[in-house]
$ cat entry.cif   # mmCIF, C-alpha atoms
data_target
loop_
_atom_site.group_PDB
_atom_site.id
_atom_site.type_symbol
_atom_site.label_atom_id
_atom_site.label_comp_id
_atom_site.auth_asym_id
_atom_site.auth_seq_id
_atom_site.Cartn_x
_atom_site.Cartn_y
_atom_site.Cartn_z
ATOM 1 C CA MET K 1 -22.009 39.239 48.092
ATOM 2 C CA ASN K 2 -21.907 35.913 49.704
ATOM 3 C CA ALA K 3 -22.719 33.018 47.514
ATOM 4 C CA THR K 4 -24.283 30.026 49.085
ATOM 5 C CA PRO K 5 -23.081 26.541 48.215
ATOM 6 C CA ALA K 6 -26.273 25.953 46.223
ATOM 7 C CA THR K 7 -25.661 29.105 44.186
ATOM 8 C CA LEU K 8 -22.037 28.123 43.484
ATOM 9 C CA PHE K 9 -23.099 24.633 42.561
ATOM 10 C CA GLY K 10 -25.758 26.031 40.211
ATOM 11 C CA ARG K 11 -23.289 28.385 38.515
ATOM 12 C CA PHE K 12 -20.671 25.621 38.218
ATOM 13 C CA GLY K 13 -23.289 23.231 36.781
ATOM 14 C CA ALA K 14 -24.367 25.840 34.214
ATOM 15 C CA LEU K 15 -20.738 26.393 33.233
ATOM 16 C CA LEU K 16 -20.170 22.634 32.794
ATOM 17 C CA GLY K 17 -23.399 22.259 30.819
ATOM 18 C CA GLY K 18 -22.387 25.086 28.479
ATOM 19 C CA ALA K 19 -18.967 23.536 27.901
ATOM 20 C CA ALA K 20 -20.545 20.160 27.149
ATOM 21 C CA LEU K 21 -22.896 21.802 24.647
ATOM 22 C CA LEU K 22 -19.985 23.553 22.957
ATOM 23 C CA VAL K 23 -18.046 20.265 22.582
ATOM 24 C CA ALA K 24 -21.126 18.451 21.328
ATOM 25 C CA CYS K 25 -21.768 21.089 18.678
ATOM 26 C CA THR K 26 -18.220 21.208 17.348
ATOM 27 C CA GLY K 27 -17.383 17.518 17.899
ATOM 28 C CA PRO K 28 -13.974 16.049 17.298
ATOM 29 C CA GLU K 29 -12.075 17.230 14.258
ATOM 30 C CA PRO K 30 -12.659 14.819 11.361
ATOM 31 C CA SER K 31 -9.658 12.766 10.270
ATOM 32 C CA PRO K 32 -8.379 13.351 6.737
ATOM 33 C CA PRO K 33 -9.555 10.875 4.101
ATOM 34 C CA PRO K 34 -7.182 8.011 3.291
ATOM 35 C CA PRO K 35 -4.992 8.484 0.210
ATOM 36 C CA GLU K 36 -6.349 7.116 -3.047
ATOM 37 C CA PRO K 37 -4.738 3.796 -4.069
ATOM 38 C CA VAL K 38 -2.422 4.035 -7.052
ATOM 39 C CA PRO K 39 -3.581 1.515 -9.671
ATOM 40 C CA THR K 40 -0.234 0.182 -10.907
ATOM 41 C CA SER K 41 0.934 -3.367 -11.380
ATOM 42 C CA GLU K 42 4.043 -2.496 -9.307
ATOM 43 C CA ALA K 43 1.822 -1.922 -6.260
ATOM 44 C CA ALA K 44 0.504 -5.461 -6.636
ATOM 45 C CA GLY K 45 4.034 -6.932 -6.674
ATOM 46 C CA CYS K 46 4.209 -7.140 -10.459
ATOM 47 C CA PRO K 47 7.127 -5.461 -12.240
ATOM 48 C CA GLU K 48 6.357 -2.771 -14.814
ATOM 49 C CA SER K 49 7.144 -5.289 -17.578
ATOM 50 C CA GLY K 50 4.050 -7.299 -16.585
ATOM 51 C CA VAL K 51 6.016 -10.494 -15.940
ATOM 52 C CA LYS K 52 7.557 -11.839 -12.763
ATOM 53 C CA ILE K 53 10.412 -14.350 -12.610
ATOM 54 C CA THR K 54 10.880 -16.602 -9.589
ATOM 55 C CA GLY K 55 13.272 -19.420 -8.802
ATOM 56 C CA GLY K 56 12.481 -22.836 -7.430
ATOM 57 C CA GLN K 57 14.431 -25.218 -5.236
ATOM 58 C CA VAL K 58 17.956 -26.125 -6.278
ATOM 59 C CA ASP K 59 18.094 -29.875 -6.909
ATOM 60 C CA THR K 60 21.479 -31.424 -6.249
ATOM 61 C CA ALA K 61 22.836 -34.803 -7.313
ATOM 62 C CA MET K 62 26.548 -35.539 -7.024
ATOM 63 C CA PHE K 63 28.128 -32.519 -8.744
ATOM 64 C CA SER K 64 25.047 -31.523 -10.777
ATOM 65 C CA ARG K 65 22.720 -28.673 -9.902
ATOM 66 C CA ALA K 66 19.360 -27.787 -11.465
ATOM 67 C CA MET K 67 16.956 -25.003 -10.599
ATOM 68 C CA GLY K 68 13.591 -24.394 -12.175
ATOM 69 C CA ILE K 69 12.612 -20.827 -12.984
ATOM 70 C CA VAL K 70 9.056 -19.664 -13.530
ATOM 71 C CA LEU K 71 7.888 -16.685 -15.584
ATOM 72 C CA THR K 72 4.377 -15.561 -14.616
ATOM 73 C CA ASN K 73 2.318 -13.083 -16.611
ATOM 74 C CA CYS K 74 1.219 -10.869 -13.721
ATOM 75 C CA GLY K 75 0.159 -8.037 -16.015
ATOM 76 C CA THR K 76 -3.208 -7.230 -17.511
ATOM 77 C CA GLY K 77 -2.506 -8.134 -21.150
ATOM 78 C CA GLU K 78 -1.048 -11.039 -23.081
ATOM 79 C CA HIS K 79 2.717 -11.635 -23.086
ATOM 80 C CA THR K 80 4.587 -13.801 -25.585
ATOM 81 C CA VAL K 81 7.855 -15.566 -24.799
ATOM 82 C CA ASN K 82 10.008 -17.370 -27.320
ATOM 83 C CA GLY K 83 13.449 -18.779 -26.803
ATOM 84 C CA PHE K 84 15.807 -18.873 -23.875
ATOM 85 C CA PRO K 85 15.987 -16.743 -20.755
ATOM 86 C CA VAL K 86 19.060 -14.517 -20.631
ATOM 87 C CA VAL K 87 20.941 -15.437 -17.447
ATOM 88 C CA ARG K 88 23.951 -13.886 -15.704
ATOM 89 C CA VAL K 89 25.544 -15.040 -12.453
ATOM 90 C CA LEU K 90 26.124 -12.271 -9.896
ATOM 91 C CA ASP K 91 28.376 -12.229 -6.842
ATOM 92 C CA ALA K 92 27.345 -11.183 -3.314
ATOM 93 C CA ASP K 93 27.683 -7.496 -4.331
ATOM 94 C CA ARG K 94 25.444 -8.141 -7.363
ATOM 95 C CA GLN K 95 28.341 -7.740 -9.775
ATOM 96 C CA PRO K 96 28.441 -10.044 -12.847
ATOM 97 C CA LEU K 97 30.860 -12.971 -12.794
ATOM 98 C CA ASP K 98 32.771 -14.116 -15.865
ATOM 99 C CA ILE K 99 30.672 -17.199 -16.609
ATOM 100 C CA VAL K 100 29.800 -18.750 -19.972
ATOM 101 C CA VAL K 101 26.063 -19.387 -20.298
ATOM 102 C CA GLY K 102 24.956 -21.833 -22.970
ATOM 103 C CA ASN K 103 21.512 -22.561 -24.360
ATOM 104 C CA GLY K 104 20.346 -26.114 -23.860
ATOM 105 C CA SER K 105 21.700 -28.697 -21.404
ATOM 106 C CA GLN K 106 24.753 -29.691 -23.475
ATOM 107 C CA PRO K 107 27.261 -27.201 -21.990
ATOM 108 C CA VAL K 108 26.710 -28.843 -18.594
ATOM 109 C CA SER K 109 25.066 -32.248 -19.046
ATOM 110 C CA ALA K 110 23.674 -34.676 -21.585
ATOM 111 C CA PRO K 111 20.578 -33.524 -23.493
ATOM 112 C CA ASP K 112 17.277 -34.524 -21.913
ATOM 113 C CA SER K 113 13.531 -33.866 -22.153
ATOM 114 C CA TYR K 114 14.044 -30.166 -21.287
ATOM 115 C CA ASP K 115 15.990 -29.700 -24.533
ATOM 116 C CA ALA K 116 12.962 -29.266 -26.777
ATOM 117 C CA PRO K 117 13.426 -26.506 -29.374
ATOM 118 C CA PRO K 118 11.981 -23.149 -28.328
ATOM 119 C CA GLU K 119 8.483 -22.324 -29.500
ATOM 120 C CA PRO K 120 6.525 -19.097 -29.003
ATOM 121 C CA VAL K 121 4.103 -19.237 -26.102
ATOM 122 C CA THR K 122 1.520 -16.508 -25.523
ATOM 123 C CA LEU K 123 0.529 -16.168 -21.887
ATOM 124 C CA ARG K 124 -2.740 -14.682 -20.728
ATOM 125 C CA PRO K 125 -2.724 -12.934 -17.336
ATOM 126 C CA GLY K 126 -1.912 -15.440 -14.589
ATOM 127 C CA GLU K 127 -0.401 -18.068 -16.913
ATOM 128 C CA GLN K 128 3.168 -19.369 -16.536
ATOM 129 C CA VAL K 129 6.059 -20.922 -18.426
ATOM 130 C CA THR K 130 9.127 -22.580 -16.957
ATOM 131 C CA ALA K 131 12.773 -23.039 -17.834
ATOM 132 C CA ARG K 132 15.686 -24.703 -16.073
ATOM 133 C CA VAL K 133 19.150 -23.505 -15.125
ATOM 134 C CA LEU K 134 21.905 -26.138 -14.841
ATOM 135 C CA TRP K 135 25.446 -26.064 -13.478
ATOM 136 C CA ARG K 136 28.083 -28.350 -12.029
ATOM 137 C CA ASN K 137 30.037 -27.931 -8.834
ATOM 138 C CA GLU K 138 33.284 -29.479 -9.999
ATOM 139 C CA VAL K 139 36.806 -28.442 -9.159
ATOM 140 C CA THR K 140 39.040 -29.648 -11.984
ATOM 141 C CA SER K 141 41.936 -27.193 -11.711
ATOM 142 C CA THR K 142 43.920 -25.196 -9.196
ATOM 143 C CA GLU K 143 41.924 -22.062 -9.981
ATOM 144 C CA ALA K 144 39.742 -20.661 -7.214
ATOM 145 C CA ALA K 145 36.212 -22.040 -7.104
ATOM 146 C CA VAL K 146 33.521 -19.583 -8.199
ATOM 147 C CA ASN K 147 30.431 -19.086 -6.089
ATOM 148 C CA GLY K 148 27.666 -16.788 -7.257
ATOM 149 C CA SER K 149 24.975 -15.483 -4.955
ATOM 150 C CA TYR K 150 22.298 -14.390 -7.429
ATOM 151 C CA LEU K 151 21.009 -15.016 -10.924
ATOM 152 C CA GLU K 152 19.985 -12.067 -13.064
ATOM 153 C CA ILE K 153 17.324 -13.352 -15.453
ATOM 154 C CA ALA K 154 15.648 -11.576 -18.373
ATOM 155 C CA PRO K 155 12.770 -13.209 -20.273
ATOM 156 C CA ALA K 156 14.655 -12.566 -23.557
ATOM 157 C CA GLU K 157 17.478 -10.462 -24.973
ATOM 158 C CA GLY K 158 16.751 -6.745 -24.531
ATOM 159 C CA GLU K 159 13.998 -7.213 -21.937
ATOM 160 C CA PRO K 160 14.310 -6.027 -18.312
ATOM 161 C CA ALA K 161 16.093 -8.481 -16.024
ATOM 162 C CA GLN K 162 15.057 -9.537 -12.529
ATOM 163 C CA VAL K 163 17.278 -10.887 -9.765
ATOM 164 C CA VAL K 164 16.623 -14.285 -8.204
ATOM 165 C CA GLU K 165 18.473 -15.633 -5.156
ATOM 166 C CA PRO K 166 18.964 -19.404 -5.420
ATOM 167 C CA ASP K 167 18.887 -21.228 -2.102
ATOM 168 C CA GLY K 168 22.548 -22.025 -1.383
ATOM 169 C CA GLY K 169 23.857 -19.796 -4.164
ATOM 170 C CA VAL K 170 25.405 -20.882 -7.453
ATOM 171 C CA ASP K 171 28.414 -23.058 -6.597
ATOM 172 C CA LEU K 172 30.106 -23.408 -9.986
ATOM 173 C CA GLY K 173 33.427 -24.820 -8.776
ATOM 174 C CA THR K 174 35.981 -24.168 -11.511
ATOM 175 C CA THR K 175 33.738 -25.064 -14.465
ATOM 176 C CA GLY K 176 32.974 -21.440 -15.392
ATOM 177 C CA ARG K 177 29.787 -22.392 -17.211
ATOM 178 C CA LEU K 178 26.067 -22.598 -16.768
ATOM 179 C CA ALA K 179 23.275 -23.847 -19.065
ATOM 180 C CA VAL K 180 19.667 -22.792 -19.508
ATOM 181 C CA ASN K 181 16.743 -24.474 -21.249
ATOM 182 C CA ALA K 182 14.092 -22.690 -23.309
ATOM 183 C CA TRP K 183 10.845 -21.345 -21.876
ATOM 184 C CA ALA K 184 8.046 -23.891 -22.235
ATOM 185 C CA VAL K 185 4.727 -24.938 -20.749
ATOM 186 C CA ARG K 186 5.497 -28.081 -18.756
#
$ encode --input "entry.cif" --output "structure tokens"
Amino acid sequence: MNATPATLFGRFGALLGGAALLVACTGPEPSPPPPEPVPTSEAAGCPESGVKITGGQVDTAMFSRAMGIVLTNCGTGEHTVNGFPVVRVLDADRQPLDIVVGNGSQPVSAPDSYDAPPEPVTLRPGEQVTARVLWRNEVTSTEAAVNGSYLEIAPAEGEPAQVVEPDGGVDLGTTGRLAVNAWAVR
């Protein structure tokens, strides 16, 4: 049983054609469908509370420091703020420092236009209010200077806090105090 080259070529061609038909019929295995998106505000970068707190630039003048903070309603419903943010200074390990935080500018500087009395403000989604954090970098004793790395800020007493990292930290010197103004639309 001698096969001629034409016969071998014909058999080989039939074999290749059959294999091609088999692949064409089955095709590549379909990829699994992508996972369904989870519709939560956390996925969009909004905390579960529906508000996000961010810090602005730290303005410096002589020994004075001021940093604006912004509360944005990133949720889907209205959010009302009234009063002062609750602020704590944290060290590099995010541990609280023993710092006195006062409401209004007076614990740190003379009263100014930011010292308006707090009023309730209801924010629709996307709207913002601002406040200001003040401190002094003064060394007036032989105690070690205190330098915080973060601010833990809650919109109000009892509400969840968020951590903000001021550019350059919180260089309190030996003053041991910080001041915060009320939330307001400015």
$ resolve_selection --input "entry.cif" --expression "the PyMOL selection byres ((chain K and resi 138-147) around 6)" --output "number ranges by chain"
K: 136-137, 148, 170-174
$ atom_distance --input "entry.cif" --atom1 "atom CA of K:Pro155" --atom2 "atom CA of K:Met62"
29.4 Å
$ residues_around --input "entry.cif" --residues "K:Asn73" --least-positions-apart "5" --cutoff "8 Å" --atoms "only C-alpha atoms" --output "JSON, numbers by chain"
{"K": [50, 51, 52, 78, 79, 123, 124, 125, 126, 127, 128]}
$ residues_around --input "entry.cif" --residues "K:Leu90" --least-positions-apart "5" --cutoff "10 Å" --atoms "only C-alpha atoms" --output "ChimeraX atom specification"
/K:95-99,147-152,163-165,169-170
$ closest_residue --input "entry.cif" --among "K:Thr60, K:Thr54, K:Pro166, K:Glu157" --to "K:Asp91" --atoms "all atoms listed in the file"
K:Pro166
$ atom_distance --input "entry.cif" --atom1 "atom CA of K:Gly158" --atom2 "atom CA of K:Met67"
23.0 Å
$ atom_distance --input "entry.cif" --atom1 "atom CA of K:Phe84" --atom2 "atom CA of K:Arg177"
15.9 Å
$ axis_aligned_box --input "entry.cif" --around "stretch 51-63 of chain K" --padding-each-side "6 Å" --output "lines of an AutoDock Vina configuration file"
center_x = 17.1
center_y = -23.0
center_z = -10.6
size_x = 34.1
size_y = 37.0
size_z = 22.7
$ closest_residue --input "entry.cif" --among "K:Cys74, K:Val58, K:Val100, K:Glu48" --to "K:Val87" --atoms "only C-alpha atoms"
K:Val100
$ residues_around --input "entry.cif" --residues "stretch 102-113 of chain K" --least-positions-apart "3" --cutoff "8 Å" --atoms "only C-alpha atoms" --output "list in words"
Phe84, Ala116, Leu134, Trp135, Arg136, Arg177, Leu178, Ala179, Val180, Asn181 and Ala182 of chain K
$ closest_residue --input "entry.cif" --among "K:Gly68, K:Gly168, K:Pro47, K:Pro160" --to "K:Ala131" --atoms "only C-alpha atoms"
K:Gly68
$ closest_residue --input "entry.cif" --among "K:Val89, K:Ile153, K:Ile53, K:Ala61" --to "K:Val129" --atoms "only C-alpha atoms"
K:Ile53
$ closest_residue --input "entry.cif" --among "K:Val133, K:Val121, K:Val185, K:Ala154" --to "K:Ser49" --atoms "all atoms listed in the file"
K:Ala154
$ resolve_selection --input "entry.cif" --expression "the PyMOL selection byres ((chain K and resi 120) around 9)" --output "list in words"
Thr80, Val81, Asn82, Gly83, Pro118, Glu119, Val121, Thr122, Trp183 and Ala184 of chain K
